[in-house]
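What follows is one structure encoded as structure tokens, with my remarks underneath.
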Number of protein chains: 2
Amino acid sequence: MKPDSVEIVLVRPARGANVAAACRAMKNMGLERLCLVGERLDMDRPEVRALAYGAWDVLDGARRAASLEAAVAASTLVVATSSRPGGGDWTPRRLAAEGAARAGGGAASIVFGPEASGLTNEEQALCHQRVVIPAHPDHRSLNLAQAVLVVAYEIWLSAADVQPPPAPDRAAAGEIEEAVQALRQGLLGIGYLSAASPEPILAELRALVVRAQPTPREVTLLRGIARQVAWAAAQIARGREADG
Amino acid sequence: MKPDSVEIVLVRPARGANVAAACRAMKNMGLERLCLVGERLDMDRPEVRALAYGAWDVLDGARRAASLEAAVAASTLVVATSSRPGGGDWTPRRLAAEGAARAGGGAASIVFGPEASGLTNEEQALCHQRVVIPAHPDHRSLNLAQAVLVVAYEIWLSAADVQPPPAPDRAAAGEIEEAVQALRQGLLGIGYLSAASPEPILAELRALVVRAQPTPREVTLLRGIARQVAWAAAQIARGREADG
């Protein structure tokens, strides 16, 4: 669904804190259109406004409607959210995937009822589709702003052009092997690897390094360690010669 | 991921309200294990406890840890959440899909930083994988409890599909860190790390080792190398004393 085709409708919310937190969740997920149905709440206390961090424009720009019927009159898809599973419910993910087609190019209202009681049966009857957020069956009731977030998150994911993150550089196998051989020399020098049979342990170290898919920079670090270990070995050997 | 293999770790949260709301979000999504790092907050005010509606057991049963390092020591996968995208980030969905395999059957810690500042660089360096919640690029910063919810929601959705993978043993974060600290000592001793500023290079080495997801056996090898390098450093120091 395209975020600008979606309006979040909060019906008779009891707590200004929840409305404010819902605004922030909407803004995080690229939704900007909010409609409030019912009594006006006191939204001016600083601790309430702080919950709408970064989303004061959504909060202050919210549309007001006297009833759910009035709120959703212009929408081609009206979705009721509910914490009580019934027949034919959609998940938020399915709403995000199929909502645009179902709305036929028009606007979609996604409706959330009051915190304690949810939407009335009459209000549910005004809606075209129910959405139930998957949750633990013993603890189905999400906080209002949390429910708004889950729905908004799925809409955002469906709309966003998610670019796979750029993969970091990877060192070539030959570079890795040079570093492994340098470590071999250094670790033989300080007596960590047995001169008689260095390969089994070296193979384990190689497997560890290869599995990490090191960057060229990291291979350079490993060669630097190998060089310094070899230097230490040479110092020790020199000390022994001097003693002997 | 199986919910009972996941622990949510909140590092130095500033607001008890967020901790309480995070508990409710966890409980909604079947997560029960919480660890709190940092100063103890006042969680007893009724308006705070109300935000943990239905999840008071999670709140009251939270484990306490003095540091992030202590909090995650037993986990085989440590995930840092961040609002700043970087290279190689996972989405919460990918974490839910691949986290169990990555943890190799062990426990996963999912770490959330303080509300205002997020995790420090040092704390991020202790983590094996970053997760960034997809959000509008101009409004990336989710409320703490909202961020916990999104991650928990994806884990809950994935839990039904989880096939426990036949994964190799993975070393716990605490074991890896002990090996890294042993390497630190050895590499300082032979002058590879600068005594004035060993941490940047050490952080790169740690990242390499963590990315390889070492087995306990491999961590033992690394500790053996560190011990032998430290021995070499001691030999050199002794030789110098004898010369002097």
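Following the order of the structure tokens, first chain is A, next is B, and so on, with residues numbered from 1 inside each chain and ligands from 1 in the order they appear.
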>> Using only C-alpha atoms, which protein or nucleic acid residues come within 7 Å of Ala173 of chain B? Drop anything in the same chain fewer than 6 positions from it, and give the result as an NGL selection string.
In response: :B and (72-76)
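Sharing one sequence, chain B and chain A superpose at an RMSD of 23.8 Å, with all Cα atoms paired in order.
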>> I'd like the neighbourhood of Val78 of chain B as number ranges by chain, where a residue qualifies if any of its atoms comes within 8 Å (using only C-alpha atoms), though same-chain residues fewer than 5 positions away should be ignored.
In response: B: 72, 108-111, 126-129, 173
> With only C-alpha atoms as the basis for distance, which of B:Ala70, B:Ala212, B:Ala116, B:Cys23 is at the shortest distance from chain A?
Replying inline: B:Ala212
> Can you list, as a PyMOL selection string, every protein, DNA or RNA residue that comes within 12 Å of Ala232 of chain A when you count only C-alpha atoms, leaving out same-chain residues fewer than 5 positions away?
Replying inline: (chain A and resi 185-191+225-227+237-239) or (chain B and resi 186-192+228-237+239)
Take the selection from the previous step and output its residues with N, CA and C atoms, as a PDB file, in the first residue's frame.
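Output file part.pdb follows:
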```pdb
ATOM      1  N   GLN A 185      54.581 -19.333   9.476  1.00  0.00           N
ATOM      2  CA  GLN A 185      55.986 -19.056   9.792  1.00  0.00           C
ATOM      3  C   GLN A 185      56.128 -18.491  11.200  1.00  0.00           C
ATOM      4  N   GLY A 186      55.295 -17.505  11.503  1.00  0.00           N
ATOM      5  CA  GLY A 186      55.392 -16.862  12.812  1.00  0.00           C
ATOM      6  C   GLY A 186      55.097 -17.840  13.942  1.00  0.00           C
ATOM      7  N   LEU A 187      54.050 -18.647  13.769  1.00  0.00           N
ATOM      8  CA  LEU A 187      53.632 -19.541  14.846  1.00  0.00           C
ATOM      9  C   LEU A 187      54.579 -20.729  14.987  1.00  0.00           C
ATOM     10  N   LEU A 188      55.234 -21.111  13.895  1.00  0.00           N
ATOM     11  CA  LEU A 188      56.314 -22.099  14.022  1.00  0.00           C
ATOM     12  C   LEU A 188      57.465 -21.499  14.825  1.00  0.00           C
ATOM     13  N   GLY A 189      57.768 -20.215  14.518  1.00  0.00           N
ATOM     14  CA  GLY A 189      58.897 -19.555  15.160  1.00  0.00           C
ATOM     15  C   GLY A 189      58.758 -19.474  16.672  1.00  0.00           C
ATOM     16  N   ILE A 190      57.557 -19.219  17.149  1.00  0.00           N
ATOM     17  CA  ILE A 190      57.393 -19.105  18.607  1.00  0.00           C
ATOM     18  C   ILE A 190      56.990 -20.433  19.225  1.00  0.00           C
ATOM     19  N   GLY A 191      56.986 -21.496  18.416  1.00  0.00           N
ATOM     20  CA  GLY A 191      56.736 -22.823  18.984  1.00  0.00           C
ATOM     21  C   GLY A 191      55.282 -23.140  19.249  1.00  0.00           C
ATOM     22  N   ILE A 225      50.190  -9.113  12.155  1.00  0.00           N
ATOM     23  CA  ILE A 225      50.389  -9.935  13.355  1.00  0.00           C
ATOM     24  C   ILE A 225      51.452 -10.995  13.085  1.00  0.00           C
ATOM     25  N   ALA A 226      51.329 -11.662  11.926  1.00  0.00           N
ATOM     26  CA  ALA A 226      52.288 -12.732  11.595  1.00  0.00           C
ATOM     27  C   ALA A 226      53.714 -12.189  11.567  1.00  0.00           C
ATOM     28  N   ARG A 227      53.868 -10.996  10.973  1.00  0.00           N
ATOM     29  CA  ARG A 227      55.197 -10.399  10.867  1.00  0.00           C
ATOM     30  C   ARG A 227      55.765 -10.106  12.259  1.00  0.00           C
ATOM     31  N   ALA A 237      65.441 -16.145  19.214  1.00  0.00           N
ATOM     32  CA  ALA A 237      66.527 -16.946  18.651  1.00  0.00           C
ATOM     33  C   ALA A 237      67.860 -16.221  18.825  1.00  0.00           C
ATOM     34  N   ARG A 238      67.835 -14.901  18.585  1.00  0.00           N
ATOM     35  CA  ARG A 238      69.052 -14.130  18.737  1.00  0.00           C
ATOM     36  C   ARG A 238      69.555 -14.156  20.183  1.00  0.00           C
ATOM     37  N   GLY A 239      68.583 -14.031  21.102  1.00  0.00           N
ATOM     38  CA  GLY A 239      68.941 -14.102  22.529  1.00  0.00           C
ATOM     39  C   GLY A 239      69.621 -15.415  22.866  1.00  0.00           C
TER      40      GLY A 239
ATOM     41  N   GLY B 186      48.862 -10.633  24.621  1.00  0.00           N
ATOM     42  CA  GLY B 186      49.988 -11.157  23.852  1.00  0.00           C
ATOM     43  C   GLY B 186      50.474 -10.165  22.811  1.00  0.00           C
ATOM     44  N   LEU B 187      49.539  -9.556  22.101  1.00  0.00           N
ATOM     45  CA  LEU B 187      49.915  -8.651  21.003  1.00  0.00           C
ATOM     46  C   LEU B 187      50.468  -7.333  21.534  1.00  0.00           C
ATOM     47  N   LEU B 188      50.049  -6.941  22.721  1.00  0.00           N
ATOM     48  CA  LEU B 188      50.707  -5.800  23.374  1.00  0.00           C
ATOM     49  C   LEU B 188      52.146  -6.175  23.716  1.00  0.00           C
ATOM     50  N   GLY B 189      52.317  -7.390  24.222  1.00  0.00           N
ATOM     51  CA  GLY B 189      53.628  -7.843  24.671  1.00  0.00           C
ATOM     52  C   GLY B 189      54.662  -7.831  23.563  1.00  0.00           C
ATOM     53  N   ILE B 190      54.249  -8.253  22.353  1.00  0.00           N
ATOM     54  CA  ILE B 190      55.231  -8.288  21.255  1.00  0.00           C
ATOM     55  C   ILE B 190      55.221  -6.994  20.440  1.00  0.00           C
ATOM     56  N   GLY B 191      54.488  -5.990  20.926  1.00  0.00           N
ATOM     57  CA  GLY B 191      54.542  -4.686  20.281  1.00  0.00           C
ATOM     58  C   GLY B 191      53.717  -4.574  19.007  1.00  0.00           C
ATOM     59  N   TYR B 192      52.817  -5.538  18.790  1.00  0.00           N
ATOM     60  CA  TYR B 192      51.961  -5.393  17.613  1.00  0.00           C
ATOM     61  C   TYR B 192      50.875  -4.363  17.873  1.00  0.00           C
ATOM     62  N   GLN B 228      50.984 -18.427  23.718  1.00  0.00           N
ATOM     63  CA  GLN B 228      52.341 -18.629  23.187  1.00  0.00           C
ATOM     64  C   GLN B 228      52.977 -17.287  22.800  1.00  0.00           C
ATOM     65  N   VAL B 229      52.167 -16.403  22.284  1.00  0.00           N
ATOM     66  CA  VAL B 229      52.678 -15.065  21.955  1.00  0.00           C
ATOM     67  C   VAL B 229      53.109 -14.347  23.224  1.00  0.00           C
ATOM     68  N   ALA B 230      52.298 -14.480  24.278  1.00  0.00           N
ATOM     69  CA  ALA B 230      52.663 -13.856  25.557  1.00  0.00           C
ATOM     70  C   ALA B 230      53.960 -14.455  26.101  1.00  0.00           C
ATOM     71  N   TRP B 231      54.116 -15.777  25.910  1.00  0.00           N
ATOM     72  CA  TRP B 231      55.366 -16.434  26.326  1.00  0.00           C
ATOM     73  C   TRP B 231      56.558 -15.842  25.568  1.00  0.00           C
ATOM     74  N   ALA B 232      56.378 -15.664  24.239  1.00  0.00           N
ATOM     75  CA  ALA B 232      57.459 -15.099  23.435  1.00  0.00           C
ATOM     76  C   ALA B 232      57.816 -13.696  23.923  1.00  0.00           C
ATOM     77  N   ALA B 233      56.783 -12.913  24.239  1.00  0.00           N
ATOM     78  CA  ALA B 233      57.032 -11.551  24.732  1.00  0.00           C
ATOM     79  C   ALA B 233      57.829 -11.596  26.028  1.00  0.00           C
ATOM     80  N   ALA B 234      57.471 -12.561  26.893  1.00  0.00           N
ATOM     81  CA  ALA B 234      58.186 -12.672  28.179  1.00  0.00           C
ATOM     82  C   ALA B 234      59.640 -13.065  27.954  1.00  0.00           C
ATOM     83  N   GLN B 235      59.893 -13.968  26.980  1.00  0.00           N
ATOM     84  CA  GLN B 235      61.273 -14.362  26.662  1.00  0.00           C
ATOM     85  C   GLN B 235      62.098 -13.157  26.234  1.00  0.00           C
ATOM     86  N   ILE B 236      61.473 -12.323  25.363  1.00  0.00           N
ATOM     87  CA  ILE B 236      62.196 -11.151  24.861  1.00  0.00           C
ATOM     88  C   ILE B 236      62.513 -10.203  26.008  1.00  0.00           C
ATOM     89  N   ALA B 237      61.517 -10.005  26.870  1.00  0.00           N
ATOM     90  CA  ALA B 237      61.715  -9.090  28.002  1.00  0.00           C
ATOM     91  C   ALA B 237      62.846  -9.608  28.900  1.00  0.00           C
ATOM     92  N   GLY B 239      65.319 -11.545  27.969  1.00  0.00           N
ATOM     93  CA  GLY B 239      66.576 -11.368  27.256  1.00  0.00           C
ATOM     94  C   GLY B 239      67.107  -9.948  27.406  1.00  0.00           C
TER      95      GLY B 239
END
```
>> Need to verify the contact set: Gly61 of chain B, 10 Å, only C-alpha atoms, exclusion of same-chain residues closer than 2 positions in sequence. Can you return it as a list in words?
In response: Glu32, Arg33, Leu34, Cys35, Ala55, Trp56, Asp57, Val58, Leu59, Arg63 and Arg64 of chain B
Serialized selection, C-alpha atoms, as a tab-separated table (two decimals), in the first residue's frame:
```
chain	number	residue	atom	x	y	z
B	32	GLU	CA	9.50	-13.65	28.56
B	33	ARG	CA	13.22	-13.16	29.18
B	34	LEU	CA	14.39	-9.63	29.98
B	35	CYS	CA	17.77	-8.39	31.20
B	55	ALA	CA	3.39	-8.53	31.75
B	56	TRP	CA	4.22	-7.82	35.37
B	57	ASP	CA	5.90	-11.22	35.62
B	58	VAL	CA	8.34	-10.21	32.87
B	59	LEU	CA	9.02	-6.88	34.58
B	63	ARG	CA	17.54	-10.29	35.29
B	64	ARG	CA	20.03	-7.55	36.27
```
>> For a quick test of understanding: name the residues of chain B lying within 8 Å of chain A when counting only C-alpha atoms, and present them as an NGL selection string.
In response: :B and (24-25 or 27-30 or 54 or 86-89 or 134-136 or 139-143 or 146 or 149-150 or 153 or 156-157 or 187 or 190-192 or 204-205 or 208-214 or 218 or 221 or 224-225 or 228-229 or 232-233 or 235-236 or 239)
With C-alpha atoms retained, write the just-selected residues as an mmCIF file, in the first residue's frame.
```
data_model
loop_
_atom_site.group_PDB
_atom_site.id
_atom_site.type_symbol
_atom_site.label_atom_id
_atom_site.label_comp_id
_atom_site.auth_asym_id
_atom_site.auth_seq_id
_atom_site.Cartn_x
_atom_site.Cartn_y
_atom_site.Cartn_z
ATOM 1 C CA ARG B 24 3.953 -5.673 27.532
ATOM 2 C CA ALA B 25 5.156 -5.800 23.937
ATOM 3 C CA LYS B 27 4.470 -10.627 26.432
ATOM 4 C CA ASN B 28 2.192 -9.930 23.452
ATOM 5 C CA MET B 29 4.727 -11.673 21.263
ATOM 6 C CA GLY B 30 5.566 -14.599 23.517
ATOM 7 C CA GLY B 54 -0.394 -8.316 31.738
ATOM 8 C CA GLY B 86 25.463 0.673 8.049
ATOM 9 C CA GLY B 87 26.970 -2.112 5.997
ATOM 10 C CA GLY B 88 25.791 -5.664 6.581
ATOM 11 C CA ASP B 89 22.767 -4.810 8.727
ATOM 12 C CA PRO B 134 13.211 -0.346 8.396
ATOM 13 C CA ALA B 135 11.745 3.121 8.857
ATOM 14 C CA HIS B 136 11.312 6.392 7.059
ATOM 15 C CA HIS B 139 12.330 9.575 11.122
ATOM 16 C CA ARG B 140 14.383 6.519 11.910
ATOM 17 C CA SER B 141 14.294 6.740 15.674
ATOM 18 C CA LEU B 142 11.588 4.537 17.130
ATOM 19 C CA ASN B 143 10.526 4.733 20.733
ATOM 20 C CA GLN B 146 8.161 0.259 19.835
ATOM 21 C CA LEU B 149 7.795 -4.681 19.637
ATOM 22 C CA VAL B 150 8.856 -4.811 15.989
ATOM 23 C CA TYR B 153 6.655 -9.366 16.393
ATOM 24 C CA TRP B 156 6.717 -14.370 16.996
ATOM 25 C CA LEU B 157 5.680 -14.647 13.342
ATOM 26 C CA LEU B 187 49.915 -8.651 21.003
ATOM 27 C CA ILE B 190 55.231 -8.288 21.255
ATOM 28 C CA GLY B 191 54.542 -4.686 20.281
ATOM 29 C CA TYR B 192 51.961 -5.393 17.613
ATOM 30 C CA GLU B 204 38.810 -5.001 14.083
ATOM 31 C CA LEU B 205 40.256 -8.329 15.180
ATOM 32 C CA LEU B 208 36.744 -10.716 12.360
ATOM 33 C CA VAL B 209 36.649 -13.474 14.983
ATOM 34 C CA VAL B 210 33.007 -12.875 15.851
ATOM 35 C CA ARG B 211 32.008 -12.921 12.203
ATOM 36 C CA ALA B 212 33.539 -16.375 11.834
ATOM 37 C CA GLN B 213 31.204 -17.699 14.568
ATOM 38 C CA PRO B 214 33.988 -19.755 16.144
ATOM 39 C CA GLU B 218 38.549 -22.709 17.775
ATOM 40 C CA LEU B 221 43.135 -22.476 19.619
ATOM 41 C CA GLY B 224 46.654 -21.082 22.820
ATOM 42 C CA ILE B 225 48.101 -18.696 20.264
ATOM 43 C CA GLN B 228 52.341 -18.629 23.187
ATOM 44 C CA VAL B 229 52.678 -15.065 21.955
ATOM 45 C CA ALA B 232 57.459 -15.099 23.435
ATOM 46 C CA ALA B 233 57.032 -11.551 24.732
ATOM 47 C CA GLN B 235 61.273 -14.362 26.662
ATOM 48 C CA ILE B 236 62.196 -11.151 24.861
ATOM 49 C CA GLY B 239 66.576 -11.368 27.256
#
```
>> Among segment 107-192 of chain A, which ones does DSSP assign to strand (DSSP E) (computed from the backbone)? Answer as number ranges by chain.
In response: A: 108-112, 129-132
Dump as a PDB file, in the first residue's frame, selection limited to N, CA and C atoms:
```
ATOM      1  N   ALA A 108      -7.536   4.235   1.888  1.00  0.00           N
ATOM      2  CA  ALA A 108      -7.863   3.209   2.876  1.00  0.00           C
ATOM      3  C   ALA A 108      -7.865   3.828   4.260  1.00  0.00           C
ATOM      4  N   SER A 109      -8.930   3.553   5.026  1.00  0.00           N
ATOM      5  CA  SER A 109      -8.969   3.928   6.441  1.00  0.00           C
ATOM      6  C   SER A 109      -8.667   2.690   7.269  1.00  0.00           C
ATOM      7  N   ILE A 110      -7.719   2.818   8.185  1.00  0.00           N
ATOM      8  CA  ILE A 110      -7.428   1.706   9.092  1.00  0.00           C
ATOM      9  C   ILE A 110      -7.839   2.156  10.482  1.00  0.00           C
ATOM     10  N   VAL A 111      -8.815   1.459  11.036  1.00  0.00           N
ATOM     11  CA  VAL A 111      -9.553   1.943  12.200  1.00  0.00           C
ATOM     12  C   VAL A 111      -9.155   1.176  13.451  1.00  0.00           C
ATOM     13  N   PHE A 112      -8.855   1.931  14.507  1.00  0.00           N
ATOM     14  CA  PHE A 112      -8.494   1.348  15.803  1.00  0.00           C
ATOM     15  C   PHE A 112      -9.507   1.825  16.839  1.00  0.00           C
ATOM     16  N   GLN A 129     -13.275  -4.994   6.153  1.00  0.00           N
ATOM     17  CA  GLN A 129     -12.326  -6.086   6.376  1.00  0.00           C
ATOM     18  C   GLN A 129     -11.795  -5.953   7.790  1.00  0.00           C
ATOM     19  N   ARG A 130     -11.598  -7.079   8.451  1.00  0.00           N
ATOM     20  CA  ARG A 130     -10.977  -7.064   9.774  1.00  0.00           C
ATOM     21  C   ARG A 130      -9.514  -7.475   9.661  1.00  0.00           C
ATOM     22  N   VAL A 131      -8.690  -6.818  10.463  1.00  0.00           N
ATOM     23  CA  VAL A 131      -7.283  -7.206  10.579  1.00  0.00           C
ATOM     24  C   VAL A 131      -7.005  -7.531  12.039  1.00  0.00           C
ATOM     25  N   VAL A 132      -6.376  -8.670  12.277  1.00  0.00           N
ATOM     26  CA  VAL A 132      -5.990  -9.070  13.629  1.00  0.00           C
ATOM     27  C   VAL A 132      -4.479  -9.241  13.657  1.00  0.00           C
TER      28      VAL A 132
END
```
>> From a backbone DSSP assignment, name each residue in segment 112-175 of chain A labelled helix (DSSP H, G or I), as a ChimeraX atom specification.
In response: /A:121-125,144-159,173-175
> Hey, which of A:Ser82, A:Ser158, A:Ser5, A:Gln124 ends up closest to Ala107 of chain A? Count only C-alpha atoms.
Replying inline: A:Ser5
> Which neighbours of Val11 of chain A fall inside 6 Å, counting only C-alpha atoms, when residues of the same chain fewer than 4 positions from it are skipped, and could you give them as a ChimeraX atom specification?
Replying inline: /A:37,113-114
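With atom CA of Arg49 of chain B on one side and atom CA of Glu69 of chain B on the other, the separation reads 28.3 Å.
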